[in-house]
Amino acid sequence: MAGYRKLGRTSSQRKAMLRSLTTAMIVNGKIVTTEARAKEVRKEVEHLIALAVKEKDNFETVTVKAKVARKDKDGKRVKEVVDGKKVTIFDEVEKTIKKDMPSRLHVRRQILRVLYPASTIGQRKKDKKEIDLVAKLFDEIAPKYAERKGGYTRIVKIGQRKGDAAMEVLLELV
């Protein structure tokens, strides 16, 4: 007996489908899918959240100096003519950043191995924003479930799908 459901697909198709459903689950907090798929996605999501909860506070805050391009009121870089060439003007600023400890970095890479890159699309194509799903897991989702010992998701049966009468469920974060 297999340790997972094959879902009527080849291994590459199945892995891609589970990755996309897992990514959608993290981005939106809930998805509607078939019961068998939901049970497989639940395993992935619970594992990712458990990893994030375990490593959520494993970082140190470091102050660094960085060169940042000076910008005008329109958000464009300010340029100056030096020796007949236009050169961007840079300012030095101090920033505080989170520096991951080695185990948190390893978990970050494990999570990135499972999730696809995600973005939100606004009214226009140029309003597209990239979502850092790992940061969302560490900063938003993990603190919410810090006191829980598992059971981060819930499956609610919706009913049968019209086309093929497959049982549809709502998989959501608790």
# chains A, B, ... in the order shown; residues from 1 in each chain; ligands from 1

call {"tool": "select_by_dssp", "arguments": {"residues": "chain A", "states": "strand (DSSP E or B)", "output": "NGL selection string"}}
result
:A and (30-34 or 59-69 or 71 or 77 or 79-82 or 85-88 or 90-100 or 118-120 or 129-131 or 153-160 or 167-173)

call {"tool": "write_last_selection", "arguments": {"atoms": "C-alpha atoms", "output": "mmCIF file, in the first residue's frame"}}
result
data_model
loop_
_atom_site.group_PDB
_atom_site.id
_atom_site.type_symbol
_atom_site.label_atom_id
_atom_site.label_comp_id
_atom_site.auth_asym_id
_atom_site.auth_seq_id
_atom_site.Cartn_x
_atom_site.Cartn_y
_atom_site.Cartn_z
ATOM 1 C CA LYS A 30 -8.390 28.420 2.025
ATOM 2 C CA ILE A 31 -9.064 26.452 -1.156
ATOM 3 C CA VAL A 32 -11.954 24.448 -2.600
ATOM 4 C CA THR A 33 -10.949 21.079 -4.052
ATOM 5 C CA THR A 34 -11.824 17.388 -3.985
ATOM 6 C CA PHE A 59 17.152 34.869 13.955
ATOM 7 C CA GLU A 60 19.281 37.775 15.073
ATOM 8 C CA THR A 61 18.800 41.442 14.240
ATOM 9 C CA VAL A 62 21.830 43.093 12.630
ATOM 10 C CA THR A 63 22.439 46.740 11.712
ATOM 11 C CA VAL A 64 24.159 47.224 8.348
ATOM 12 C CA LYS A 65 25.134 50.197 6.211
ATOM 13 C CA ALA A 66 23.778 50.174 2.695
ATOM 14 C CA LYS A 67 24.037 52.443 -0.324
ATOM 15 C CA VAL A 68 20.626 53.469 -1.624
ATOM 16 C CA ALA A 69 19.944 55.510 -4.749
ATOM 17 C CA LYS A 71 15.107 59.473 -5.536
ATOM 18 C CA ARG A 77 16.708 58.127 -9.461
ATOM 19 C CA LYS A 79 21.434 61.692 -11.632
ATOM 20 C CA GLU A 80 24.347 64.088 -11.782
ATOM 21 C CA VAL A 81 26.791 64.802 -14.607
ATOM 22 C CA VAL A 82 30.362 63.812 -13.701
ATOM 23 C CA LYS A 85 28.579 61.026 -17.910
ATOM 24 C CA LYS A 86 25.300 60.817 -16.003
ATOM 25 C CA VAL A 87 25.907 59.103 -12.666
ATOM 26 C CA THR A 88 23.318 58.079 -10.060
ATOM 27 C CA PHE A 90 23.806 57.210 -3.700
ATOM 28 C CA ASP A 91 23.202 57.875 0.007
ATOM 29 C CA GLU A 92 24.448 55.692 2.860
ATOM 30 C CA VAL A 93 21.743 54.556 5.238
ATOM 31 C CA GLU A 94 21.710 52.203 8.201
ATOM 32 C CA LYS A 95 19.210 49.362 8.067
ATOM 33 C CA THR A 96 18.309 46.695 10.574
ATOM 34 C CA ILE A 97 17.813 43.299 9.006
ATOM 35 C CA LYS A 98 16.941 39.834 10.260
ATOM 36 C CA LYS A 99 19.824 37.434 9.858
ATOM 37 C CA ASP A 100 18.668 33.825 9.864
ATOM 38 C CA ALA A 118 3.381 33.834 -5.936
ATOM 39 C CA SER A 119 2.140 37.292 -6.833
ATOM 40 C CA THR A 120 -1.003 39.358 -6.589
ATOM 41 C CA LYS A 129 3.221 42.507 -6.487
ATOM 42 C CA GLU A 130 5.400 39.573 -5.541
ATOM 43 C CA ILE A 131 4.436 37.843 -2.283
ATOM 44 C CA THR A 153 -6.054 23.034 8.953
ATOM 45 C CA ARG A 154 -9.716 22.063 8.766
ATOM 46 C CA ILE A 155 -11.631 20.189 6.056
ATOM 47 C CA VAL A 156 -15.311 21.119 5.642
ATOM 48 C CA LYS A 157 -17.425 19.088 3.211
ATOM 49 C CA ILE A 158 -19.350 21.260 0.767
ATOM 50 C CA GLY A 159 -21.188 18.691 -1.319
ATOM 51 C CA GLN A 160 -20.899 16.880 -4.598
ATOM 52 C CA MET A 167 -17.073 15.210 -3.075
ATOM 53 C CA GLU A 168 -15.882 18.814 -2.842
ATOM 54 C CA VAL A 169 -14.420 20.211 0.359
ATOM 55 C CA LEU A 170 -13.187 23.518 1.726
ATOM 56 C CA LEU A 171 -9.659 23.238 3.117
ATOM 57 C CA GLU A 172 -8.873 26.211 5.377
ATOM 58 C CA LEU A 173 -6.460 27.329 8.053
#

call {"tool": "residues_around", "arguments": {"residues": "region 136-143 of chain A", "least_positions_apart": "2", "cutoff": "9 Å", "atoms": "only C-alpha atoms", "output": "mmCIF file with all heavy atoms, in the first residue's frame"}}
result
data_model
loop_
_atom_site.group_PDB
_atom_site.id
_atom_site.type_symbol
_atom_site.label_atom_id
_atom_site.label_comp_id
_atom_site.auth_asym_id
_atom_site.auth_seq_id
_atom_site.Cartn_x
_atom_site.Cartn_y
_atom_site.Cartn_z
ATOM 1 N N ILE A 26 -1.465 28.643 1.106
ATOM 2 C CA ILE A 26 -0.691 29.591 1.923
ATOM 3 C C ILE A 26 -1.065 31.030 1.553
ATOM 4 O O ILE A 26 -1.210 31.879 2.423
ATOM 5 C CB ILE A 26 0.824 29.356 1.752
ATOM 6 C CG1 ILE A 26 1.218 27.943 2.198
ATOM 7 C CG2 ILE A 26 1.627 30.401 2.513
ATOM 8 C CD1 ILE A 26 1.012 27.638 3.646
ATOM 9 N N VAL A 27 -1.237 31.304 0.272
ATOM 10 C CA VAL A 27 -1.548 32.665 -0.181
ATOM 11 C C VAL A 27 -2.929 33.098 0.297
ATOM 12 O O VAL A 27 -3.100 34.174 0.854
ATOM 13 C CB VAL A 27 -1.476 32.762 -1.725
ATOM 14 C CG1 VAL A 27 -2.041 34.081 -2.214
ATOM 15 C CG2 VAL A 27 -0.048 32.600 -2.196
ATOM 16 N N LEU A 48 4.697 22.296 6.516
ATOM 17 C CA LEU A 48 5.329 23.600 6.333
ATOM 18 C C LEU A 48 5.080 24.512 7.536
ATOM 19 O O LEU A 48 5.990 25.199 8.003
ATOM 20 C CB LEU A 48 4.820 24.269 5.058
ATOM 21 C CG LEU A 48 5.164 23.594 3.741
ATOM 22 C CD1 LEU A 48 4.567 24.375 2.583
ATOM 23 C CD2 LEU A 48 6.652 23.440 3.570
ATOM 24 N N ILE A 49 3.848 24.506 8.042
ATOM 25 C CA ILE A 49 3.534 25.357 9.189
ATOM 26 C C ILE A 49 4.288 24.882 10.428
ATOM 27 O O ILE A 49 4.798 25.695 11.205
ATOM 28 C CB ILE A 49 2.009 25.413 9.435
ATOM 29 C CG1 ILE A 49 1.322 26.125 8.273
ATOM 30 C CG2 ILE A 49 1.693 26.128 10.744
ATOM 31 C CD1 ILE A 49 -0.179 26.100 8.322
ATOM 32 N N ALA A 50 4.398 23.580 10.600
ATOM 33 C CA ALA A 50 5.138 23.043 11.747
ATOM 34 C C ALA A 50 6.607 23.462 11.691
ATOM 35 O O ALA A 50 7.196 23.840 12.712
ATOM 36 C CB ALA A 50 5.018 21.527 11.787
ATOM 37 N N LEU A 51 7.200 23.422 10.502
ATOM 38 C CA LEU A 51 8.584 23.871 10.348
ATOM 39 C C LEU A 51 8.709 25.356 10.681
ATOM 40 O O LEU A 51 9.635 25.775 11.385
ATOM 41 C CB LEU A 51 9.066 23.635 8.914
ATOM 42 C CG LEU A 51 9.364 22.204 8.492
ATOM 43 C CD1 LEU A 51 9.659 22.151 7.001
ATOM 44 C CD2 LEU A 51 10.526 21.642 9.272
ATOM 45 N N ALA A 52 7.768 26.166 10.184
ATOM 46 C CA ALA A 52 7.810 27.610 10.428
ATOM 47 C C ALA A 52 7.623 27.936 11.904
ATOM 48 O O ALA A 52 8.287 28.824 12.441
ATOM 49 C CB ALA A 52 6.750 28.312 9.591
ATOM 50 N N VAL A 53 6.734 27.215 12.586
ATOM 51 C CA VAL A 53 6.500 27.452 14.012
ATOM 52 C C VAL A 53 7.757 27.124 14.813
ATOM 53 O O VAL A 53 8.139 27.862 15.732
ATOM 54 C CB VAL A 53 5.297 26.617 14.514
ATOM 55 C CG1 VAL A 53 5.251 26.570 16.026
ATOM 56 C CG2 VAL A 53 4.000 27.178 13.974
ATOM 57 N N LYS A 54 8.416 26.062 14.436
ATOM 58 C CA LYS A 54 9.612 25.632 15.157
ATOM 59 C C LYS A 54 10.746 26.656 15.043
ATOM 60 O O LYS A 54 11.481 26.889 15.992
ATOM 61 C CB LYS A 54 10.062 24.286 14.597
ATOM 62 C CG LYS A 54 11.222 23.667 15.306
ATOM 63 C CD LYS A 54 11.536 22.307 14.718
ATOM 64 C CE LYS A 54 12.887 21.829 15.176
ATOM 65 N NZ LYS A 54 13.374 20.715 14.380
ATOM 66 N N GLU A 55 10.871 27.304 13.887
ATOM 67 C CA GLU A 55 11.999 28.204 13.634
ATOM 68 C C GLU A 55 11.616 29.681 13.586
ATOM 69 O O GLU A 55 12.414 30.507 13.152
ATOM 70 C CB GLU A 55 12.652 27.822 12.299
ATOM 71 C CG GLU A 55 13.275 26.459 12.272
ATOM 72 C CD GLU A 55 14.506 26.339 13.152
ATOM 73 O OE1 GLU A 55 15.186 27.364 13.381
ATOM 74 O OE2 GLU A 55 14.781 25.227 13.615
ATOM 75 N N LYS A 56 10.431 30.050 14.045
ATOM 76 C CA LYS A 56 9.959 31.425 13.864
ATOM 77 C C LYS A 56 10.805 32.474 14.577
ATOM 78 O O LYS A 56 10.940 33.591 14.090
ATOM 79 C CB LYS A 56 8.490 31.560 14.267
ATOM 80 C CG LYS A 56 8.205 31.469 15.743
ATOM 81 C CD LYS A 56 6.724 31.655 16.011
ATOM 82 C CE LYS A 56 6.383 31.483 17.444
ATOM 83 N NZ LYS A 56 7.062 32.344 18.360
ATOM 84 N N ASP A 57 11.395 32.157 15.714
ATOM 85 C CA ASP A 57 12.180 33.137 16.470
ATOM 86 C C ASP A 57 13.681 32.900 16.385
ATOM 87 O O ASP A 57 14.441 33.479 17.151
ATOM 88 C CB ASP A 57 11.760 33.112 17.948
ATOM 89 C CG ASP A 57 10.330 33.584 18.123
ATOM 90 O OD1 ASP A 57 9.906 34.466 17.367
ATOM 91 O OD2 ASP A 57 9.651 33.062 19.028
ATOM 92 N N ILE A 131 4.698 38.165 -3.678
ATOM 93 C CA ILE A 131 4.436 37.843 -2.283
ATOM 94 C C ILE A 131 5.572 36.952 -1.794
ATOM 95 O O ILE A 131 5.894 35.947 -2.433
ATOM 96 C CB ILE A 131 3.103 37.076 -2.131
ATOM 97 C CG1 ILE A 131 1.943 37.904 -2.662
ATOM 98 C CG2 ILE A 131 2.865 36.710 -0.680
ATOM 99 C CD1 ILE A 131 0.647 37.132 -2.720
ATOM 100 N N ASP A 132 6.168 37.317 -0.676
ATOM 101 C CA ASP A 132 7.199 36.477 -0.076
ATOM 102 C C ASP A 132 6.497 35.476 0.846
ATOM 103 O O ASP A 132 6.157 35.801 1.982
ATOM 104 C CB ASP A 132 8.202 37.335 0.691
ATOM 105 C CG ASP A 132 9.390 36.532 1.181
ATOM 106 O OD1 ASP A 132 9.473 35.319 0.865
ATOM 107 O OD2 ASP A 132 10.253 37.109 1.867
ATOM 108 N N LEU A 133 6.254 34.284 0.329
ATOM 109 C CA LEU A 133 5.477 33.296 1.079
ATOM 110 C C LEU A 133 6.211 32.791 2.311
ATOM 111 O O LEU A 133 5.590 32.486 3.325
ATOM 112 C CB LEU A 133 5.116 32.128 0.170
ATOM 113 C CG LEU A 133 4.125 32.462 -0.936
ATOM 114 C CD1 LEU A 133 3.865 31.256 -1.800
ATOM 115 C CD2 LEU A 133 2.833 32.960 -0.347
ATOM 116 N N VAL A 134 7.536 32.708 2.244
ATOM 117 C CA VAL A 134 8.296 32.243 3.407
ATOM 118 C C VAL A 134 8.177 33.264 4.533
ATOM 119 O O VAL A 134 7.961 32.900 5.695
ATOM 120 C CB VAL A 134 9.770 31.993 3.042
ATOM 121 C CG1 VAL A 134 10.546 31.523 4.243
ATOM 122 C CG2 VAL A 134 9.870 30.967 1.923
ATOM 123 N N TYR A 145 -0.042 30.191 15.308
ATOM 124 C CA TYR A 145 -0.147 28.792 15.718
ATOM 125 C C TYR A 145 0.956 28.365 16.679
ATOM 126 O O TYR A 145 1.189 27.175 16.863
ATOM 127 C CB TYR A 145 -0.115 27.884 14.481
ATOM 128 C CG TYR A 145 -1.266 28.114 13.552
ATOM 129 C CD1 TYR A 145 -1.059 28.540 12.257
ATOM 130 C CD2 TYR A 145 -2.578 27.917 13.977
ATOM 131 C CE1 TYR A 145 -2.116 28.755 11.394
ATOM 132 C CE2 TYR A 145 -3.640 28.136 13.127
ATOM 133 C CZ TYR A 145 -3.399 28.557 11.833
ATOM 134 O OH TYR A 145 -4.445 28.775 10.992
ATOM 135 N N ALA A 146 1.635 29.309 17.321
ATOM 136 C CA ALA A 146 2.765 28.992 18.189
ATOM 137 C C ALA A 146 2.366 28.092 19.362
ATOM 138 O O ALA A 146 3.123 27.220 19.771
ATOM 139 C CB ALA A 146 3.411 30.267 18.712
ATOM 140 N N GLU A 147 1.186 28.281 19.901
ATOM 141 C CA GLU A 147 0.737 27.509 21.060
ATOM 142 C C GLU A 147 0.074 26.188 20.687
ATOM 143 O O GLU A 147 -0.208 25.374 21.541
ATOM 144 C CB GLU A 147 -0.243 28.352 21.891
ATOM 145 C CG GLU A 147 0.338 29.654 22.398
ATOM 146 C CD GLU A 147 1.565 29.450 23.270
ATOM 147 O OE1 GLU A 147 1.550 28.547 24.126
ATOM 148 O OE2 GLU A 147 2.545 30.200 23.084
#

call {"tool": "select_by_dssp", "arguments": {"residues": "chain A", "states": "alpha helix (DSSP H)", "output": "ChimeraX atom specification"}}
result
/A:11-28,35-55,102-114,133-136,142-144

call {"tool": "atom_distance", "arguments": {"atom1": "CA of Tyr116 (chain A)", "atom2": "CA of Asp164 (chain A)"}}
result
28.9 Å

call {"tool": "atom_distance", "arguments": {"atom1": "CA of Asn28 (chain A)", "atom2": "CA of Pro102 (chain A)"}}
result
29.0 Å

call {"tool": "atom_distance", "arguments": {"atom1": "CA of Lys149 (chain A)", "atom2": "CA of Ala2 (chain A)"}}
result
26.6 Å

call {"tool": "closest_residue", "arguments": {"among": "A:Thr23, A:Gln123, A:Ser103, A:Ser12", "to": "Asn58 (chain A)", "atoms": "only C-alpha atoms"}}
result
A:Ser103

call {"tool": "residues_around", "arguments": {"residues": "Thr22 (chain A)", "least_positions_apart": "6", "cutoff": "7 Å", "atoms": "only C-alpha atoms", "output": "PyMOL selection string"}}
result
chain A and resi 41+44-45+115

call {"tool": "decode", "arguments": {"residues": "region 53-152 of chain A", "atoms": "C-alpha atoms", "output": "short mmCIF file (atom, residue, chain, number, x, y, z; two decimals), in the first residue's frame"}}
result
data_model
loop_
_atom_site.label_atom_id
_atom_site.label_comp_id
_atom_site.auth_asym_id
_atom_site.auth_seq_id
_atom_site.Cartn_x
_atom_site.Cartn_y
_atom_site.Cartn_z
CA VAL A 53 6.50 27.45 14.01
CA LYS A 54 9.61 25.63 15.16
CA GLU A 55 12.00 28.20 13.63
CA LYS A 56 9.96 31.42 13.86
CA ASP A 57 12.18 33.14 16.47
CA ASN A 58 15.52 31.72 15.38
CA PHE A 59 17.15 34.87 13.95
CA GLU A 60 19.28 37.77 15.07
CA THR A 61 18.80 41.44 14.24
CA VAL A 62 21.83 43.09 12.63
CA THR A 63 22.44 46.74 11.71
CA VAL A 64 24.16 47.22 8.35
CA LYS A 65 25.13 50.20 6.21
CA ALA A 66 23.78 50.17 2.69
CA LYS A 67 24.04 52.44 -0.32
CA VAL A 68 20.63 53.47 -1.62
CA ALA A 69 19.94 55.51 -4.75
CA ARG A 70 18.57 58.98 -4.03
CA LYS A 71 15.11 59.47 -5.54
CA ASP A 72 13.11 62.53 -6.52
CA LYS A 73 9.43 63.22 -5.77
CA ASP A 74 8.32 61.01 -8.71
CA GLY A 75 10.34 58.04 -7.45
CA LYS A 76 12.99 58.27 -10.17
CA ARG A 77 16.71 58.13 -9.46
CA VAL A 78 18.52 61.45 -9.18
CA LYS A 79 21.43 61.69 -11.63
CA GLU A 80 24.35 64.09 -11.78
CA VAL A 81 26.79 64.80 -14.61
CA VAL A 82 30.36 63.81 -13.70
CA ASP A 83 33.13 63.88 -16.35
CA GLY A 84 30.52 64.10 -19.12
CA LYS A 85 28.58 61.03 -17.91
CA LYS A 86 25.30 60.82 -16.00
CA VAL A 87 25.91 59.10 -12.67
CA THR A 88 23.32 58.08 -10.06
CA ILE A 89 23.74 59.66 -6.62
CA PHE A 90 23.81 57.21 -3.70
CA ASP A 91 23.20 57.88 0.01
CA GLU A 92 24.45 55.69 2.86
CA VAL A 93 21.74 54.56 5.24
CA GLU A 94 21.71 52.20 8.20
CA LYS A 95 19.21 49.36 8.07
CA THR A 96 18.31 46.70 10.57
CA ILE A 97 17.81 43.30 9.01
CA LYS A 98 16.94 39.83 10.26
CA LYS A 99 19.82 37.43 9.86
CA ASP A 100 18.67 33.82 9.86
CA MET A 101 20.49 31.31 12.00
CA PRO A 102 21.66 28.21 10.07
CA SER A 103 18.71 26.01 11.03
CA ARG A 104 16.18 28.69 10.05
CA LEU A 105 17.95 29.19 6.73
CA HIS A 106 17.70 25.44 6.11
CA VAL A 107 13.96 25.52 6.88
CA ARG A 108 13.55 28.55 4.57
CA ARG A 109 15.14 26.58 1.73
CA GLN A 110 13.00 23.52 2.47
CA ILE A 111 9.86 25.67 2.27
CA LEU A 112 11.01 27.31 -0.98
CA ARG A 113 11.54 23.83 -2.44
CA VAL A 114 7.81 23.11 -2.01
CA LEU A 115 6.15 26.45 -2.84
CA TYR A 116 5.89 28.19 -6.21
CA PRO A 117 6.64 31.94 -6.46
CA ALA A 118 3.38 33.83 -5.94
CA SER A 119 2.14 37.29 -6.83
CA THR A 120 -1.00 39.36 -6.59
CA ILE A 121 -2.44 41.08 -9.62
CA GLY A 122 -4.27 44.36 -9.22
CA GLN A 123 -6.51 46.16 -11.71
CA ARG A 124 -3.65 46.71 -14.14
CA LYS A 125 -0.79 44.45 -15.07
CA LYS A 126 1.80 46.86 -13.64
CA ASP A 127 0.11 46.64 -10.20
CA LYS A 128 1.49 43.10 -9.85
CA LYS A 129 3.22 42.51 -6.49
CA GLU A 130 5.40 39.57 -5.54
CA ILE A 131 4.44 37.84 -2.28
CA ASP A 132 7.20 36.48 -0.08
CA LEU A 133 5.48 33.30 1.08
CA VAL A 134 8.30 32.24 3.41
CA ALA A 135 8.11 35.60 5.20
CA LYS A 136 4.33 35.21 5.39
CA LEU A 137 4.75 31.77 6.97
CA PHE A 138 7.34 32.99 9.50
CA ASP A 139 5.81 36.40 10.34
CA GLU A 140 2.03 35.92 10.06
CA ILE A 141 1.05 32.26 10.17
CA ALA A 142 3.63 30.78 12.59
CA PRO A 143 2.98 33.23 15.48
CA LYS A 144 -0.74 32.53 15.19
CA TYR A 145 -0.15 28.79 15.72
CA ALA A 146 2.76 28.99 18.19
CA GLU A 147 0.74 27.51 21.06
CA ARG A 148 -0.90 24.77 18.94
CA LYS A 149 0.52 21.26 18.75
CA GLY A 150 -0.64 20.53 15.20
CA GLY A 151 -4.05 20.52 13.55
CA TYR A 152 -3.51 23.80 11.69
#
